[in-house]
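Okay, structure first, notes after.
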Amino acid sequence: MTRNGVAVEFTDVTRVYGTVRALDGLTLQLEPGEMVALLGPSGCGKTTALRILAGLDDPTSGRVTVDGRDVTEVPPNKRDMGMVFQAYSLFPHLTVLDNVAFGLKLRGKNKTERTDRAADMLDLVGLSAHKEKYASQLSGGQQQRVALARALAIQPRVLLLDEPLSALDAKVRAQLRDEIRRVQLEVGTTTLFVTHDQEEALAVADRVGVMNQGRLEQIAAPADVYAHPTTPFVAEFVGLNNKVGAEVADGTTHVLGATLPVAAGSISAGRGVALVRPESLAVTADPAGTAQVASVSFLGPISLVHCTLADGTRLVAQTASAHAGGLAPGTPVRISIEQTEALVVPSAAA
Ligand SMILES: Nc1ncnc2c1ncn2[C@@H]1O[C@H](COP(=O)(O)OP(=O)(O)O)[C@@H](O)[C@H]1O
Ligand SMILES: [Mg+2]
């Protein structure tokens, strides 16, 4: 199968429900064949964006185009969108094969076409051996694979995935996440994947768009969003959850005794707050240290060391558990920061 995706574009899309601005000027382009993940907390407007693209909801203002054509007035059944939701969307009393073939029947395909296409799709998601079972006999992860096969069976122009993994347990979730990406690359369908799970978004998408209160705060390749968040909200979302007083001048910042270059999005001068990842901090036991260990959380291969600075600031450092042995609560420590650029934001924003 070749990449056959189409371009999708949201232009200044707003959706107001009463007093809630579910979407507030969303502008977003998906390249043909691209997979974009919209990432953000519950209530930030992800599902609304997806429903508007599917035609299940109308924007209050703004436009949506698919393959260059304005679809704002096109009814949902004419948009050719494949959708997968959180869970429990299969018909439990139909077989797996009939579930996958369902949309093809609605589209007037004859029985042979339907069966062949559904069988191909079940091959694609690795469930051929289960095609005669009832949907209700499958595990949650298998049901979501069937839902994916069903969504793709109609050869949709766009694939819409609304938190398809959130009802599954962690191990199945990671497996299915990789499976969805493999299948998406194979079929080449332009895909909008929405999730509140940072790791999931970063793992599957070509680009990740971080949403906050109906707005897109930043959109970039996963490694970029992770390494160079440009707003305090995005920073917090990708794990820069330490806040340390910092001073900025001439493109550098003084923080925790180190001098670091400032990251894009930082204040240009004066006092602010540096946002720092636990992985960027190292803790060393030192009788002359001015910080103190408050507690240690053991997480298997790594541990989180919670510390208190002389001025009362609390910080979390991540360390290999093998190094956490000498760091009992109360131990005086020295905290050092990795030599990378630092995002320094106004104190009021942090
Ligand atoms: N049909 C609706 N009527 C009223 N408010 C709604 C409706 N749908 C969504 N909202 C509100 O719009 C905001 C965004 O919702 P939603 O798009 O579902 O967020 P998400 O999918 O990111 O959790 C929320 O505040 C939600 O309560
Ligand atoms: Mg939602």
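Labeling convention for the structure tokens: chains A, B, ... as they appear, residues from 1 per chain, ligands from 1 in order of appearance.
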
All residues 10 Å or closer to region 116-123 of chain A, only C-alpha atoms, same chain fewer than 3 positions away omitted, as a PyMOL selection string | chain A and resi 96-104+109+111-113+126-131+145-146+148-155+183

Emit the selected residues as a short mmCIF file (atom, residue, chain, number, x, y, z; two decimals), in the first residue's frame, including C-alpha atoms.
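Output file out.cif follows:
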data_model
loop_
_atom_site.label_atom_id
_atom_site.label_comp_id
_atom_site.auth_asym_id
_atom_site.auth_seq_id
_atom_site.Cartn_x
_atom_site.Cartn_y
_atom_site.Cartn_z
CA VAL A 96 -15.13 -9.68 14.24
CA LEU A 97 -15.34 -9.99 10.46
CA ASP A 98 -18.85 -8.54 10.33
CA ASN A 99 -17.79 -5.66 12.57
CA VAL A 100 -14.98 -4.78 10.19
CA ALA A 101 -17.22 -5.19 7.13
CA PHE A 102 -20.01 -3.08 8.61
CA GLY A 103 -19.09 0.26 7.07
CA LEU A 104 -18.58 -1.37 3.68
CA LYS A 109 -20.16 -2.99 -1.43
CA LYS A 111 -20.57 -9.47 -0.07
CA THR A 112 -17.40 -10.74 -1.73
CA GLU A 113 -15.82 -7.29 -1.73
CA GLY A 126 -2.85 -9.39 13.09
CA LEU A 127 -6.29 -10.75 14.00
CA SER A 128 -7.11 -13.08 11.11
CA ALA A 129 -7.27 -16.06 13.43
CA HIS A 130 -10.12 -14.44 15.39
CA LYS A 131 -12.42 -13.36 12.58
CA ARG A 145 -7.38 -3.51 16.94
CA VAL A 146 -10.69 -4.58 15.41
CA LEU A 148 -8.82 0.17 13.91
CA ALA A 149 -9.38 -2.42 11.16
CA ARG A 150 -13.00 -1.29 10.89
CA ALA A 151 -12.01 2.38 10.66
CA LEU A 152 -9.51 1.61 7.89
CA ALA A 153 -11.74 -0.79 5.95
CA ILE A 154 -13.63 2.06 4.31
CA GLN A 155 -10.30 3.49 3.05
CA VAL A 183 -0.34 0.26 10.55
#

What do you get as a ChimeraX atom specification if you pick all residues at most 12 Å from ligand 1, counting only C-alpha atoms and all ligand atoms?
-> /A:14-24,38-52,56-59,85-86,161-163,193-197,210-216

Save out the residues we just selected, N, CA and C atoms, as a compact mmCIF listing (two decimals), in the first residue's frame.
# COMPACT_ATOMS: atom_id res chain seq x y z
N THR A 14 -13.01 28.14 16.04
CA THR A 14 -13.50 28.40 17.39
C THR A 14 -14.82 27.66 17.58
N ARG A 15 -14.99 27.06 18.77
CA ARG A 15 -16.26 26.43 19.09
C ARG A 15 -16.64 26.88 20.49
N VAL A 16 -17.77 27.55 20.57
CA VAL A 16 -18.24 28.05 21.86
C VAL A 16 -19.47 27.26 22.27
N TYR A 17 -19.46 26.74 23.50
CA TYR A 17 -20.66 26.12 24.08
C TYR A 17 -21.08 27.01 25.24
N GLY A 18 -22.14 27.75 25.10
CA GLY A 18 -22.55 28.64 26.19
C GLY A 18 -21.43 29.59 26.54
N THR A 19 -20.87 29.42 27.74
CA THR A 19 -19.78 30.32 28.15
C THR A 19 -18.41 29.67 27.97
N VAL A 20 -18.38 28.41 27.50
CA VAL A 20 -17.09 27.70 27.36
C VAL A 20 -16.56 27.84 25.93
N ARG A 21 -15.31 28.29 25.80
CA ARG A 21 -14.67 28.27 24.48
C ARG A 21 -13.88 26.96 24.39
N ALA A 22 -14.55 25.94 23.86
CA ALA A 22 -13.92 24.62 23.77
C ALA A 22 -12.73 24.67 22.81
N LEU A 23 -12.88 25.41 21.71
CA LEU A 23 -11.75 25.69 20.81
C LEU A 23 -11.70 27.20 20.64
N ASP A 24 -10.48 27.72 20.67
CA ASP A 24 -10.33 29.17 20.68
C ASP A 24 -9.29 29.58 19.63
N LEU A 38 -2.61 15.47 19.05
CA LEU A 38 -2.99 16.61 19.87
C LEU A 38 -2.94 16.15 21.32
N LEU A 39 -2.11 16.84 22.09
CA LEU A 39 -1.85 16.44 23.47
C LEU A 39 -2.31 17.55 24.40
N GLY A 40 -3.03 17.18 25.43
CA GLY A 40 -3.42 18.20 26.40
C GLY A 40 -4.30 17.59 27.47
N PRO A 41 -4.50 18.30 28.57
CA PRO A 41 -5.29 17.77 29.67
C PRO A 41 -6.76 17.65 29.30
N SER A 42 -7.48 16.92 30.10
CA SER A 42 -8.91 16.76 29.89
C SER A 42 -9.59 18.13 29.83
N GLY A 43 -10.47 18.30 28.85
CA GLY A 43 -11.22 19.54 28.74
C GLY A 43 -10.55 20.62 27.90
N CYS A 44 -9.39 20.33 27.30
CA CYS A 44 -8.68 21.38 26.56
C CYS A 44 -9.20 21.51 25.13
N GLY A 45 -10.11 20.64 24.70
CA GLY A 45 -10.71 20.81 23.38
C GLY A 45 -10.32 19.77 22.33
N LYS A 46 -9.64 18.71 22.74
CA LYS A 46 -9.16 17.72 21.79
C LYS A 46 -10.30 17.04 21.05
N THR A 47 -11.27 16.52 21.81
CA THR A 47 -12.39 15.81 21.19
C THR A 47 -13.20 16.76 20.31
N THR A 48 -13.34 17.99 20.75
CA THR A 48 -14.07 18.97 19.95
C THR A 48 -13.39 19.16 18.59
N ALA A 49 -12.08 19.25 18.57
CA ALA A 49 -11.34 19.41 17.31
C ALA A 49 -11.61 18.22 16.39
N LEU A 50 -11.56 17.04 16.98
CA LEU A 50 -11.77 15.82 16.20
C LEU A 50 -13.20 15.72 15.66
N ARG A 51 -14.16 16.08 16.50
CA ARG A 51 -15.56 16.01 16.08
C ARG A 51 -15.86 17.02 14.98
N ILE A 52 -15.22 18.16 15.06
CA ILE A 52 -15.42 19.17 14.01
C ILE A 52 -14.83 18.69 12.68
N LEU A 56 -19.13 15.93 13.01
CA LEU A 56 -20.10 15.59 14.05
C LEU A 56 -20.47 16.82 14.88
N ASP A 57 -19.73 17.88 14.66
CA ASP A 57 -19.99 19.14 15.36
C ASP A 57 -19.60 20.26 14.40
N ASP A 58 -20.23 21.42 14.58
CA ASP A 58 -19.93 22.55 13.69
C ASP A 58 -19.14 23.62 14.43
N PRO A 59 -18.15 24.21 13.76
CA PRO A 59 -17.44 25.31 14.41
C PRO A 59 -18.34 26.54 14.54
N PHE A 85 -12.61 5.28 18.89
CA PHE A 85 -12.84 5.97 20.15
C PHE A 85 -12.17 5.21 21.29
N GLN A 86 -12.39 5.73 22.49
CA GLN A 86 -11.77 5.17 23.68
C GLN A 86 -11.97 3.66 23.79
N LEU A 161 -8.40 9.31 15.80
CA LEU A 161 -8.25 8.43 16.95
C LEU A 161 -8.42 9.25 18.22
N ASP A 162 -9.48 8.96 18.98
CA ASP A 162 -9.75 9.73 20.19
C ASP A 162 -9.42 8.91 21.43
N GLU A 163 -8.23 9.10 21.96
CA GLU A 163 -7.77 8.37 23.15
C GLU A 163 -8.04 6.87 23.03
N PHE A 193 -4.52 12.07 16.09
CA PHE A 193 -4.55 11.19 17.26
C PHE A 193 -4.65 12.09 18.48
N VAL A 194 -5.70 11.98 19.27
CA VAL A 194 -5.75 12.85 20.44
C VAL A 194 -5.56 12.05 21.72
N THR A 195 -4.82 12.62 22.64
CA THR A 195 -4.50 11.93 23.89
C THR A 195 -4.11 12.93 24.97
N HIS A 196 -4.28 12.51 26.23
CA HIS A 196 -3.78 13.34 27.33
C HIS A 196 -2.45 12.79 27.83
N ASP A 197 -1.95 11.73 27.17
CA ASP A 197 -0.76 11.02 27.65
C ASP A 197 0.48 11.48 26.87
N VAL A 210 0.60 20.65 21.38
CA VAL A 210 0.18 20.70 22.78
C VAL A 210 -0.91 21.75 22.93
N MET A 211 -2.06 21.31 23.46
CA MET A 211 -3.22 22.19 23.58
C MET A 211 -3.47 22.60 25.02
N ASN A 212 -3.92 23.84 25.18
CA ASN A 212 -4.27 24.38 26.48
C ASN A 212 -5.48 25.28 26.29
N GLN A 213 -6.59 24.94 26.94
CA GLN A 213 -7.79 25.76 26.90
C GLN A 213 -8.20 26.18 25.48
N GLY A 214 -8.28 25.19 24.60
CA GLY A 214 -8.79 25.44 23.25
C GLY A 214 -7.80 26.05 22.29
N ARG A 215 -6.57 26.23 22.76
CA ARG A 215 -5.55 26.83 21.89
C ARG A 215 -4.37 25.88 21.74
N LEU A 216 -3.69 26.00 20.60
CA LEU A 216 -2.48 25.23 20.37
C LEU A 216 -1.31 26.05 20.91

Which is closer to Gln29 (chain A) than all the others in A:Met83, A:Val208, A:Ala135, A:Val333, using only C-alpha atoms?
->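 Smallest distance to Gln29 (chain A) is found for A:Val208.
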
In Å, with one decimal, what is the gap from CA of Phe91 (chain A) to CA of Ala147 (chain A)?
->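 CA of Phe91 (chain A) sits 10.1 Å away from CA of Ala147 (chain A).
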
Secondary structure check, helix (DSSP H, G or I) residues of region 109-286 of chain A, as number ranges by chain | A: 111-124, 128-130, 135-137, 140-153, 170-187, 198-204, 222-227, 232-237, 278-280

Excluding Thr65 (chain A) and residues on its chain fewer than 5 positions from it, collect all residues at most 6 Å away from it, counting only C-alpha atoms, and give them as a list in words.
->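 The residues that qualify are Val8, Glu9, Asp70 and Val71 of chain A.
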
Which distance in Å separates CA of Leu53 (chain A) and CA of Pro164 (chain A), to one decimal?
->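 Rounded to one decimal, the two atoms are 17.0 Å apart.
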
Strand (DSSP E or B) call set, DSSP backbone run, region 285-330 of chain A, as number ranges by chain = A: 285, 291-299, 302-308, 314-320

Save out the residues we just selected, C-alpha atoms, as a PDB file, in the first residue's frame.
ATOM      1  CA  ALA A 285      26.010  13.949  49.406  1.00  0.00           C
ATOM      2  CA  ALA A 291      20.525  21.640  50.400  1.00  0.00           C
ATOM      3  CA  GLN A 292      18.989  18.694  52.211  1.00  0.00           C
ATOM      4  CA  VAL A 293      17.311  15.453  51.139  1.00  0.00           C
ATOM      5  CA  ALA A 294      13.629  15.486  52.127  1.00  0.00           C
ATOM      6  CA  SER A 295      12.620  12.059  50.797  1.00  0.00           C
ATOM      7  CA  VAL A 296      13.427   9.489  48.124  1.00  0.00           C
ATOM      8  CA  SER A 297      10.910   7.670  45.905  1.00  0.00           C
ATOM      9  CA  PHE A 298      12.208   4.377  44.575  1.00  0.00           C
ATOM     10  CA  LEU A 299      10.910   3.615  41.055  1.00  0.00           C
ATOM     11  CA  ILE A 302      15.573   5.137  38.892  1.00  0.00           C
ATOM     12  CA  SER A 303      14.765   7.038  42.057  1.00  0.00           C
ATOM     13  CA  LEU A 304      13.414  10.535  42.581  1.00  0.00           C
ATOM     14  CA  VAL A 305      15.263  12.506  45.236  1.00  0.00           C
ATOM     15  CA  HIS A 306      13.183  15.301  46.765  1.00  0.00           C
ATOM     16  CA  CYS A 307      15.392  18.051  48.166  1.00  0.00           C
ATOM     17  CA  THR A 308      14.970  21.358  49.942  1.00  0.00           C
ATOM     18  CA  ARG A 314      11.796  22.238  46.800  1.00  0.00           C
ATOM     19  CA  LEU A 315      13.371  20.356  43.899  1.00  0.00           C
ATOM     20  CA  VAL A 316      13.161  16.845  42.520  1.00  0.00           C
ATOM     21  CA  ALA A 317      16.222  15.198  41.010  1.00  0.00           C
ATOM     22  CA  GLN A 318      16.237  11.900  39.165  1.00  0.00           C
ATOM     23  CA  THR A 319      19.070   9.488  39.751  1.00  0.00           C
ATOM     24  CA  ALA A 320      19.969   5.880  39.063  1.00  0.00           C
TER      25      ALA A 320
END

Between A:Gly239, A:Pro229, A:Pro75, A:Pro329, which is the closest to Glu199 (chain A) once you count only C-alpha atoms?
-> A:Gly239

Point-to-point distance from CA of Leu176 (chain A) to CA of Ala227 (chain A), Å rounded to tenths =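 Answer for the CA of Leu176 (chain A) to CA of Ala227 (chain A) separation: 25.6 Å.
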
Of the candidates A:Thr313, A:Asn110, A:Ser166, A:Leu202, which one gets nearest to ligand 2 if we count only C-alpha atoms and all ligand atoms?
->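 Smallest distance to ligand 2 is found for A:Ser166.
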
Thr191 (chain A) environment, 6 Å, only C-alpha atoms, sequence neighbours closer than 4 positions dropped, as a list in words |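 Counting only the stated atoms, we get Met35, Val158, Leu159 and Leu160 of chain A.
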